[in-house]
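my_file03.tsv (TSV, C-alpha atoms) appears below.
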chain	number	residue	atom	x	y	z
R	1	MET	CA	-118.96	-139.37	-166.42
R	2	SER	CA	-119.61	-142.40	-164.28
R	3	LYS	CA	-115.96	-142.70	-163.30
R	4	GLN	CA	-115.92	-139.07	-162.29
R	5	THR	CA	-118.82	-139.54	-159.88
R	6	ILE	CA	-117.30	-142.57	-158.23
R	7	GLU	CA	-113.91	-140.98	-157.83
R	8	THR	CA	-115.34	-138.02	-155.99
R	9	THR	CA	-117.15	-140.26	-153.52
R	10	VAL	CA	-114.21	-142.60	-152.84
R	11	SER	CA	-110.75	-141.10	-152.48
R	12	SER	CA	-107.50	-142.41	-151.09
R	13	ARG	CA	-108.07	-140.27	-148.01
R	14	ASN	CA	-110.97	-142.57	-147.07
R	15	TYR	CA	-108.73	-145.61	-146.98
R	16	VAL	CA	-105.90	-143.85	-145.17
R	17	VAL	CA	-108.27	-142.58	-142.46
R	18	GLY	CA	-109.81	-146.06	-142.13
R	19	PHE	CA	-106.42	-147.75	-141.97
R	20	LEU	CA	-104.75	-145.40	-139.49
R	21	GLY	CA	-107.88	-145.28	-137.33
R	22	SER	CA	-108.11	-149.07	-137.18
R	23	LEU	CA	-104.39	-149.33	-136.48
R	24	VAL	CA	-104.63	-146.94	-133.51
R	25	LEU	CA	-107.77	-148.61	-132.10
R	26	THR	CA	-106.22	-152.09	-132.39
R	27	ILE	CA	-103.00	-151.04	-130.69
R	28	ILE	CA	-104.82	-149.21	-127.87
R	29	ALA	CA	-106.91	-152.34	-127.18
R	30	PHE	CA	-103.78	-154.52	-127.26
R	31	VAL	CA	-101.79	-152.28	-124.89
R	32	LEU	CA	-104.70	-151.98	-122.43
R	33	VAL	CA	-105.09	-155.75	-122.20
R	34	GLN	CA	-101.43	-156.74	-122.38
R	35	HIS	CA	-100.53	-154.51	-119.42
R	36	HIS	CA	-103.80	-155.10	-117.53
R	37	MET	CA	-104.18	-151.37	-117.11
R	38	PHE	CA	-107.66	-151.52	-115.55
R	39	SER	CA	-109.76	-153.94	-113.58
R	40	LYS	CA	-111.42	-156.83	-115.41
R	41	TRP	CA	-114.86	-155.46	-116.25
R	42	ILE	CA	-113.66	-151.98	-117.16
R	43	LEU	CA	-111.23	-153.63	-119.59
R	44	VAL	CA	-114.02	-155.72	-121.10
R	45	TRP	CA	-116.15	-152.64	-121.73
R	46	MET	CA	-113.23	-150.68	-123.15
R	47	VAL	CA	-112.30	-153.50	-125.54
R	48	ALA	CA	-115.95	-153.82	-126.59
R	49	ILE	CA	-116.23	-150.09	-127.28
R	50	LEU	CA	-112.92	-150.05	-129.19
R	51	ALA	CA	-114.04	-153.03	-131.30
R	52	GLY	CA	-117.39	-151.36	-131.99
R	53	SER	CA	-115.69	-148.14	-133.08
R	54	GLN	CA	-113.33	-150.01	-135.38
R	55	PHE	CA	-116.29	-151.93	-136.85
R	56	ILE	CA	-118.10	-148.68	-137.70
R	57	LEU	CA	-114.90	-147.04	-138.96
R	58	GLN	CA	-114.15	-149.90	-141.37
R	59	LEU	CA	-117.77	-150.13	-142.51
R	60	ILE	CA	-117.75	-146.48	-143.49
R	61	TYR	CA	-114.20	-146.01	-144.79
R	62	PHE	CA	-113.46	-149.45	-146.29
R	63	MET	CA	-116.86	-150.78	-147.30
R	64	HIS	CA	-118.48	-147.39	-148.00
R	65	LEU	CA	-121.68	-148.27	-146.19
R	66	GLY	CA	-124.30	-145.54	-146.49
R	67	ARG	CA	-122.49	-143.91	-149.43
R	68	GLU	CA	-124.85	-145.35	-152.04
R	69	PRO	CA	-127.54	-143.23	-153.72
R	70	LYS	CA	-131.03	-143.04	-152.37
R	71	PRO	CA	-132.81	-146.38	-152.29
R	72	ARG	CA	-130.27	-147.61	-149.73
R	73	TRP	CA	-130.70	-151.35	-150.14
R	74	LYS	CA	-127.27	-152.18	-148.79
R	75	LEU	CA	-127.94	-150.25	-145.62
R	76	ALA	CA	-131.38	-151.87	-145.28
R	77	VAL	CA	-129.94	-155.38	-145.63
R	78	PHE	CA	-127.16	-154.47	-143.21
R	79	ILE	CA	-129.61	-153.28	-140.54
R	80	PHE	CA	-131.72	-156.41	-140.98
R	81	MET	CA	-128.55	-158.49	-140.56
R	82	LEU	CA	-127.70	-156.63	-137.34
R	83	GLY	CA	-131.17	-157.44	-136.01
R	84	VAL	CA	-130.79	-161.15	-136.78
R	85	VAL	CA	-127.28	-161.21	-135.28
R	86	ILE	CA	-128.41	-159.55	-132.05
R	87	ILE	CA	-131.32	-161.98	-131.70
R	88	VAL	CA	-129.09	-165.02	-132.39
R	89	VAL	CA	-126.26	-164.01	-130.06
R	90	ALA	CA	-128.25	-162.47	-127.20
R	91	GLY	CA	-130.90	-165.19	-127.45
R	92	SER	CA	-128.36	-168.05	-127.32
R	93	LEU	CA	-126.55	-166.53	-124.36
R	94	TRP	CA	-129.79	-165.85	-122.53
R	95	ILE	CA	-131.15	-169.36	-123.03
R	96	MET	CA	-127.87	-171.11	-122.20
R	97	THR	CA	-127.16	-169.11	-119.02
R	98	ASN	CA	-130.70	-169.69	-117.93
R	99	LEU	CA	-130.32	-173.39	-118.59
R	100	ASN	CA	-127.02	-173.44	-116.70
R	101	TYR	CA	-128.64	-171.69	-113.78
R	102	ARG	CA	-131.43	-174.24	-113.62
R	103	MET	CA	-129.15	-177.25	-114.08
R	104	LEU	CA	-126.91	-176.16	-111.21
R	105	ASN	CA	-129.66	-177.08	-108.73
R	106	SER	CA	-129.60	-180.49	-107.09
R	107	PRO	CA	-132.06	-183.13	-108.37
R	108	GLN	CA	-134.05	-182.81	-105.14
R	109	GLN	CA	-134.47	-179.08	-105.68
R	110	ILE	CA	-135.54	-179.65	-109.27
R	111	ASN	CA	-138.08	-182.27	-108.14
R	112	ARG	CA	-139.46	-179.90	-105.56
R	113	TYR	CA	-139.65	-177.17	-108.21
R	114	ILE	CA	-141.52	-179.44	-110.62
R	115	GLN	CA	-143.95	-180.44	-107.85
R	116	SER	CA	-144.50	-176.82	-106.93
R	117	GLN	CA	-145.33	-176.05	-110.54
R	118	ASP	CA	-147.76	-179.00	-110.78
R	119	GLY	CA	-151.27	-178.08	-111.57
R	120	LEU	CA	-150.31	-174.90	-113.33
E	1	MET	CA	-123.52	-146.43	-158.55
E	2	SER	CA	-126.99	-146.46	-160.07
E	3	GLU	CA	-127.18	-142.66	-160.07
E	4	VAL	CA	-125.05	-142.56	-163.21
E	5	VAL	CA	-127.80	-143.92	-165.45
E	6	THR	CA	-127.23	-141.93	-168.62
E	7	THR	CA	-127.63	-143.09	-172.19
E	8	GLY	CA	-130.03	-145.82	-173.17
E	9	GLN	CA	-127.24	-148.08	-174.30
E	10	ASN	CA	-125.51	-148.15	-170.94
E	11	THR	CA	-128.56	-148.47	-168.76
E	12	PRO	CA	-129.03	-152.26	-168.78
E	13	GLN	CA	-125.39	-152.91	-167.93
E	14	ILE	CA	-125.33	-150.46	-165.06
E	15	GLU	CA	-128.55	-151.92	-163.76
E	16	MET	CA	-127.00	-155.37	-163.83
E	17	THR	CA	-123.79	-154.24	-162.15
E	18	ASP	CA	-125.79	-152.75	-159.35
E	19	LYS	CA	-127.86	-155.89	-158.85
E	20	THR	CA	-124.75	-158.07	-158.83
E	21	THR	CA	-123.09	-155.97	-156.17
E	22	LEU	CA	-126.25	-155.91	-154.10
E	23	GLY	CA	-126.57	-159.68	-154.42
E	24	PHE	CA	-122.99	-160.12	-153.32
E	25	TRP	CA	-123.61	-157.76	-150.42
E	26	ILE	CA	-126.60	-159.87	-149.34
E	27	TYR	CA	-124.37	-162.96	-149.41
E	28	LEU	CA	-121.88	-161.15	-147.16
E	29	MET	CA	-124.63	-160.27	-144.71
E	30	THR	CA	-125.79	-163.89	-144.52
E	31	ASP	CA	-122.17	-164.86	-143.94
E	32	CYS	CA	-122.22	-162.44	-141.00
E	33	VAL	CA	-125.14	-164.42	-139.58
E	34	LEU	CA	-123.11	-167.63	-139.95
E	35	PHE	CA	-120.23	-166.06	-138.02
E	36	ALA	CA	-122.66	-164.70	-135.42
E	37	SER	CA	-123.90	-168.22	-134.71
E	38	LEU	CA	-120.30	-169.42	-134.36
E	39	PHE	CA	-119.54	-166.51	-132.02
E	40	ALA	CA	-122.63	-167.40	-129.96
E	41	THR	CA	-121.42	-171.02	-129.78
E	42	TYR	CA	-118.01	-169.84	-128.67
E	43	ALA	CA	-119.51	-167.50	-126.06
E	44	VAL	CA	-121.57	-170.35	-124.63
E	45	LEU	CA	-118.76	-172.92	-124.64
E	46	HIS	CA	-115.67	-170.86	-123.82
E	47	THR	CA	-115.77	-171.66	-120.10
E	48	ASN	CA	-116.11	-175.41	-120.69
E	49	THR	CA	-112.42	-176.28	-120.63
E	50	PHE	CA	-112.96	-179.82	-119.24
E	51	GLY	CA	-109.98	-179.44	-116.92
E	52	GLY	CA	-107.79	-178.33	-119.83
E	53	PRO	CA	-106.16	-174.96	-120.43
E	54	SER	CA	-108.25	-171.82	-120.90
E	55	GLY	CA	-107.61	-169.04	-123.39
E	56	LYS	CA	-105.61	-167.13	-120.81
E	57	GLU	CA	-102.99	-169.90	-120.69
E	58	LEU	CA	-102.98	-170.63	-124.43
E	59	PHE	CA	-103.06	-167.32	-126.28
E	60	ASN	CA	-99.93	-165.38	-127.14
E	61	LEU	CA	-101.29	-161.88	-127.57
E	62	SER	CA	-98.24	-160.36	-129.28
E	63	PHE	CA	-98.35	-163.07	-131.93
E	64	VAL	CA	-102.04	-162.42	-132.53
E	65	LEU	CA	-101.42	-158.68	-132.73
E	66	ILE	CA	-98.95	-159.29	-135.57
E	67	GLU	CA	-101.55	-161.43	-137.37
E	68	THR	CA	-104.14	-158.68	-136.87
E	69	LEU	CA	-101.89	-155.94	-138.21
E	70	ILE	CA	-100.97	-158.05	-141.25
E	71	LEU	CA	-104.63	-158.66	-142.08
E	72	LEU	CA	-105.48	-154.99	-141.54
E	73	THR	CA	-102.66	-153.89	-143.85
E	74	SER	CA	-103.81	-156.39	-146.45
E	75	SER	CA	-107.33	-154.95	-146.24
E	76	PHE	CA	-105.83	-151.48	-146.75
E	77	SER	CA	-103.78	-152.53	-149.77
E	78	CYS	CA	-106.93	-154.14	-151.18
E	79	GLY	CA	-108.60	-150.73	-150.92
E	80	LEU	CA	-105.65	-149.17	-152.74
E	81	THR	CA	-106.13	-151.77	-155.49
E	82	ILE	CA	-109.69	-150.54	-155.95
E	83	LEU	CA	-108.50	-146.95	-156.17
E	84	ALA	CA	-106.04	-147.97	-158.88
E	85	VAL	CA	-108.85	-149.81	-160.67
E	86	ARG	CA	-111.04	-146.69	-160.55
E	87	LYS	CA	-108.18	-144.74	-162.12
E	88	ARG	CA	-107.81	-147.49	-164.75
E	89	ASN	CA	-104.20	-148.00	-163.76
E	90	ASN	CA	-103.59	-151.67	-164.46
E	91	ALA	CA	-99.94	-151.79	-163.36
E	92	LEU	CA	-100.66	-150.16	-160.03
E	93	ALA	CA	-103.70	-152.37	-159.48
E	94	GLN	CA	-101.56	-155.46	-160.09
E	95	THR	CA	-98.91	-154.26	-157.65
E	96	TRP	CA	-101.36	-153.60	-154.82
E	97	LEU	CA	-103.20	-156.84	-155.55
E	98	SER	CA	-99.93	-158.74	-155.22
E	99	VAL	CA	-99.20	-157.00	-151.92
E	100	THR	CA	-102.69	-158.01	-150.71
E	101	PHE	CA	-102.03	-161.58	-151.78
E	102	LEU	CA	-98.65	-161.84	-150.05
E	103	LEU	CA	-99.98	-160.37	-146.81
E	104	GLY	CA	-102.97	-162.73	-146.99
E	105	ILE	CA	-100.67	-165.74	-147.43
E	106	LEU	CA	-98.53	-164.55	-144.54
E	107	PHE	CA	-101.61	-164.22	-142.32
E	108	LEU	CA	-102.77	-167.72	-143.26
E	109	LEU	CA	-99.34	-169.22	-142.56
E	110	LEU	CA	-99.18	-167.54	-139.14
E	111	GLU	CA	-102.65	-168.80	-138.31
E	112	LEU	CA	-101.77	-172.33	-139.39
E	113	SER	CA	-98.57	-172.28	-137.33
E	114	GLU	CA	-100.65	-171.15	-134.34
E	115	PHE	CA	-103.05	-174.06	-134.90
E	116	ARG	CA	-100.16	-176.47	-135.33
E	117	HIS	CA	-98.59	-175.25	-132.11
E	118	LEU	CA	-101.85	-175.87	-130.24
E	119	VAL	CA	-102.38	-179.33	-131.70
E	120	VAL	CA	-98.78	-180.43	-131.10
E	121	GLU	CA	-99.09	-179.52	-127.43
E	122	GLY	CA	-102.19	-181.71	-127.15
E	123	ASN	CA	-104.67	-178.86	-127.24
E	124	SER	CA	-106.55	-179.82	-130.38
E	125	TRP	CA	-110.29	-179.46	-130.93
E	126	ARG	CA	-110.79	-182.81	-129.21
E	127	ARG	CA	-109.44	-181.48	-125.90
E	128	SER	CA	-112.49	-179.53	-124.70
E	129	GLY	CA	-115.68	-177.76	-125.68
E	130	PHE	CA	-113.81	-174.47	-125.51
E	131	LEU	CA	-111.19	-175.64	-128.00
E	132	SER	CA	-113.81	-177.14	-130.34
E	133	ALA	CA	-115.62	-173.82	-130.46
E	134	TYR	CA	-112.32	-171.95	-130.87
E	135	PHE	CA	-111.12	-174.07	-133.79
E	136	THR	CA	-114.52	-173.92	-135.47
E	137	LEU	CA	-114.77	-170.14	-135.25
E	138	VAL	CA	-111.19	-169.22	-136.13
E	139	GLY	CA	-110.94	-172.12	-138.60
E	140	THR	CA	-114.03	-170.96	-140.50
E	141	HIS	CA	-112.46	-167.53	-140.81
E	142	GLY	CA	-109.25	-169.14	-142.04
E	143	LEU	CA	-111.24	-171.13	-144.60
E	144	HIS	CA	-112.78	-167.90	-145.87
E	145	ILE	CA	-109.30	-166.41	-146.14
E	146	THR	CA	-108.14	-169.44	-148.14
E	147	ALA	CA	-111.09	-169.12	-150.53
E	148	GLY	CA	-110.42	-165.39	-150.82
E	149	LEU	CA	-106.77	-166.04	-151.69
E	150	LEU	CA	-107.77	-168.46	-154.45
E	151	TRP	CA	-110.20	-165.88	-155.84
E	152	LEU	CA	-107.48	-163.24	-155.59
E	153	ALA	CA	-105.03	-165.39	-157.51
E	154	VAL	CA	-107.57	-165.88	-160.30
E	155	LEU	CA	-108.27	-162.14	-160.48
E	156	ARG	CA	-104.55	-161.37	-160.55
E	157	TRP	CA	-104.21	-163.77	-163.46
E	158	ASN	CA	-107.16	-162.08	-165.20
E	159	LEU	CA	-105.54	-158.67	-164.84
E	160	LEU	CA	-102.34	-160.00	-166.32
E	161	LYS	CA	-103.94	-161.80	-169.26
E	162	ARG	CA	-107.01	-159.73	-170.14
E	163	GLY	CA	-106.15	-156.36	-168.71
E	164	LEU	CA	-108.48	-154.10	-166.82
E	165	THR	CA	-111.85	-154.72	-168.45
E	166	ASP	CA	-115.19	-153.64	-167.02
E	167	ILE	CA	-115.90	-157.19	-165.90
E	168	THR	CA	-112.56	-157.55	-164.11
E	169	ALA	CA	-113.13	-154.19	-162.46
E	170	LYS	CA	-116.53	-155.33	-161.18
E	171	ARG	CA	-115.10	-158.60	-159.90
E	172	LEU	CA	-112.31	-156.75	-158.14
E	173	THR	CA	-114.85	-154.47	-156.47
E	174	MET	CA	-116.75	-157.49	-155.16
E	175	PHE	CA	-113.55	-159.16	-154.05
E	176	SER	CA	-112.56	-156.04	-152.13
E	177	LEU	CA	-115.90	-156.13	-150.31
E	178	PHE	CA	-115.22	-159.76	-149.39
E	179	TRP	CA	-111.71	-159.02	-148.17
E	180	HIS	CA	-112.79	-156.02	-146.08
E	181	PHE	CA	-115.57	-158.17	-144.66
E	182	LEU	CA	-113.05	-160.76	-143.49
E	183	ASP	CA	-111.07	-158.06	-141.73
E	184	LEU	CA	-114.32	-156.88	-140.13
E	185	ILE	CA	-114.95	-160.37	-138.73
E	186	TRP	CA	-111.36	-160.53	-137.51
E	187	ILE	CA	-111.90	-157.41	-135.34
E	188	PHE	CA	-114.38	-159.47	-133.35
E	189	ILE	CA	-112.23	-162.59	-133.27
E	190	PHE	CA	-109.33	-160.47	-131.99
E	191	SER	CA	-111.50	-158.75	-129.36
E	192	ILE	CA	-113.84	-161.51	-128.23
E	193	VAL	CA	-111.65	-164.59	-128.54
E	194	TYR	CA	-108.16	-163.28	-127.86
E	195	LEU	CA	-108.49	-160.06	-125.83
E	196	PHE	CA	-111.43	-161.29	-123.72
E	197	GLY	CA	-109.62	-164.64	-123.41
E	198	VAL	CA	-106.50	-162.99	-122.01
E	199	ILE	CA	-108.55	-160.73	-119.71
E	200	GLY	CA	-110.10	-163.97	-118.47
E	201	VAL	CA	-113.81	-163.26	-118.78

Representation of the structure as structure tokens:
Amino acid sequence: MSKQTIETTVSSRNYVVGFLGSLVLTIIAFVLVQHHMFSKWILVWMVAILAGSQFILQLIYFMHLGREPKPRWKLAVFIFMLGVVIIVVAGSLWIMTNLNYRMLNSPQQINRYIQSQDGL
Amino acid sequence: MSEVVTTGQNTPQIEMTDKTTLGFWIYLMTDCVLFASLFATYAVLHTNTFGGPSGKELFNLSFVLIETLILLTSSFSCGLTILAVRKRNNALAQTWLSVTFLLGILFLLLELSEFRHLVVEGNSWRRSGFLSAYFTLVGTHGLHITAGLLWLAVLRWNLLKRGLTDITAKRLTMFSLFWHFLDLIWIFIFSIVYLFGVIGV
């Protein structure tokens, strides 16, 4: 009985769809970049969107995320992980660019800034 | 899988299976956080080439595409292994598992030859902050692949010696999650490191 249930939820069609979808998305991204088909920032966004789609596709069709029965612990842990990842990546980039921006000033400018902030 | 709780005798085992898979899933998610921190490091350091070559000059996109397709196919054949396991077809499971193994080895060899090429030309991790971050990120993925291949070899041996028992089936399911997860990480390495590198962000 248990085997029956599992087989109906996961079939070979899942994997074929996931595989062919990923294949197409990968090749589109490769062709776009290899032939520089658009300007720089449009390309960046397109690659990001293609990667995101492939991520979701593989999560659903290869890792069967969200296919579990009701108390969806896997999904809950996954969403928590996404939160942590976004904070780590966005936070690091934010802090480091900010730091870069401040360090690019000359020492005199930094001194003046510190003096201007004195007494705060 | 927990929906199939039926007779009293089976209940504890199913309960345990479910907890094991969930535990393994939680490990995978923490591994995602590890990779996220490496990606963040790479994103911060990738412009610091210290006068050395940038990704645009170093990366051979066609070569990386071949690596990507090999890993993707290996992830697919790993899924087919699981289907064979669900159908209790040991011979088929062994075949697909071997295909997964061979493709995994091939991927690892290509990656190592890429690393070797970089190091021989003087672009090792000691060259610049960019290359340190690159080798750490891609190298950690490669290390995971190596560990996965060892695990795969052991499972293959298990299938051969003990046949397709419930325990082997459970281990194979967890291994397939691990292998798909590595392909998932590779999507981002391919996009962020290689494609963005060649675009020249």

Best match for closeness to chain E among R:Val88, R:Gly66, R:Arg72, R:Leu32, counting all atoms listed in the file
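Looking at the shortest contact to chain E, the residue is R:Val88.
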
Which one is closest to E:Arg88: E:Leu164, E:Val201, E:Leu182, E:Leu69? Count all atoms listed in the file.
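Of all the options, E:Leu164 lies closest to E:Arg88.
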
Residue list for chain E near chain R as a list in words, 6 Å, only C-alpha atoms:
Val4, Met29, Val33, Ala36 and Ala40 of chain E

For E:Ser77, work out the shell of residues within 12 Å, counting only C-alpha atoms and skipping chain neighbours fewer than 5 positions away, then give it as a PyMOL selection string.
(chain R and resi 12+15-16+18-19+62) or (chain E and resi 70-72+82-84+92-104+176+179-180)

Residues at most 8 Å from stretch 58-60 of chain E, counting only C-alpha atoms, excluding those fewer than 6 positions away in the same chain, as a PyMOL selection string?
chain E and resi 118+194+197-198

Can you work out the spacing between atom CA of E:Arg116 and atom CA of E:Tyr134 in Å, to one decimal?
13.7 Å

Looking at all atoms listed in the file, which of R:Leu65, R:Met103, R:Ile49, R:Val17 is the one that sits closest to E:Ile192?
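The shortest atom-to-atom distance to E:Ile192 comes from R:Ile49.
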
Find the spatial neighbours of stretch 119-121 of chain E, counting only C-alpha atoms, within a cut-off of 12 Å - ignore same-chain residues fewer than 5 positions away - and output them as an NGL selection string.
:E and (52-53 or 58 or 112-114 or 126-127 or 131-132 or 135)

Write the residues you've just listed into a file as a PDB file, in the frame of the given file, and include C-alpha atoms for each of them.
ATOM      1  CA  GLY E  52    -107.790-178.330-119.830  1.00  0.00           C
ATOM      2  CA  PRO E  53    -106.160-174.960-120.430  1.00  0.00           C
ATOM      3  CA  LEU E  58    -102.980-170.630-124.430  1.00  0.00           C
ATOM      4  CA  LEU E 112    -101.770-172.330-139.390  1.00  0.00           C
ATOM      5  CA  SER E 113     -98.570-172.280-137.330  1.00  0.00           C
ATOM      6  CA  GLU E 114    -100.650-171.150-134.340  1.00  0.00           C
ATOM      7  CA  ARG E 126    -110.790-182.810-129.210  1.00  0.00           C
ATOM      8  CA  ARG E 127    -109.440-181.480-125.900  1.00  0.00           C
ATOM      9  CA  LEU E 131    -111.190-175.640-128.000  1.00  0.00           C
ATOM     10  CA  SER E 132    -113.810-177.140-130.340  1.00  0.00           C
ATOM     11  CA  PHE E 135    -111.120-174.070-133.790  1.00  0.00           C
TER      12      PHE E 135
END

May I ask for the distance between atom CA of E:Tyr27 and atom CA of E:Phe76, given in Å to one decimal place?
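Interatomic distance, atom CA of E:Tyr27 to atom CA of E:Phe76: 22.0 Å.
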
So how far away is atom CA of E:Trp157 from atom CA of E:His141, in Å?
24.4 Å
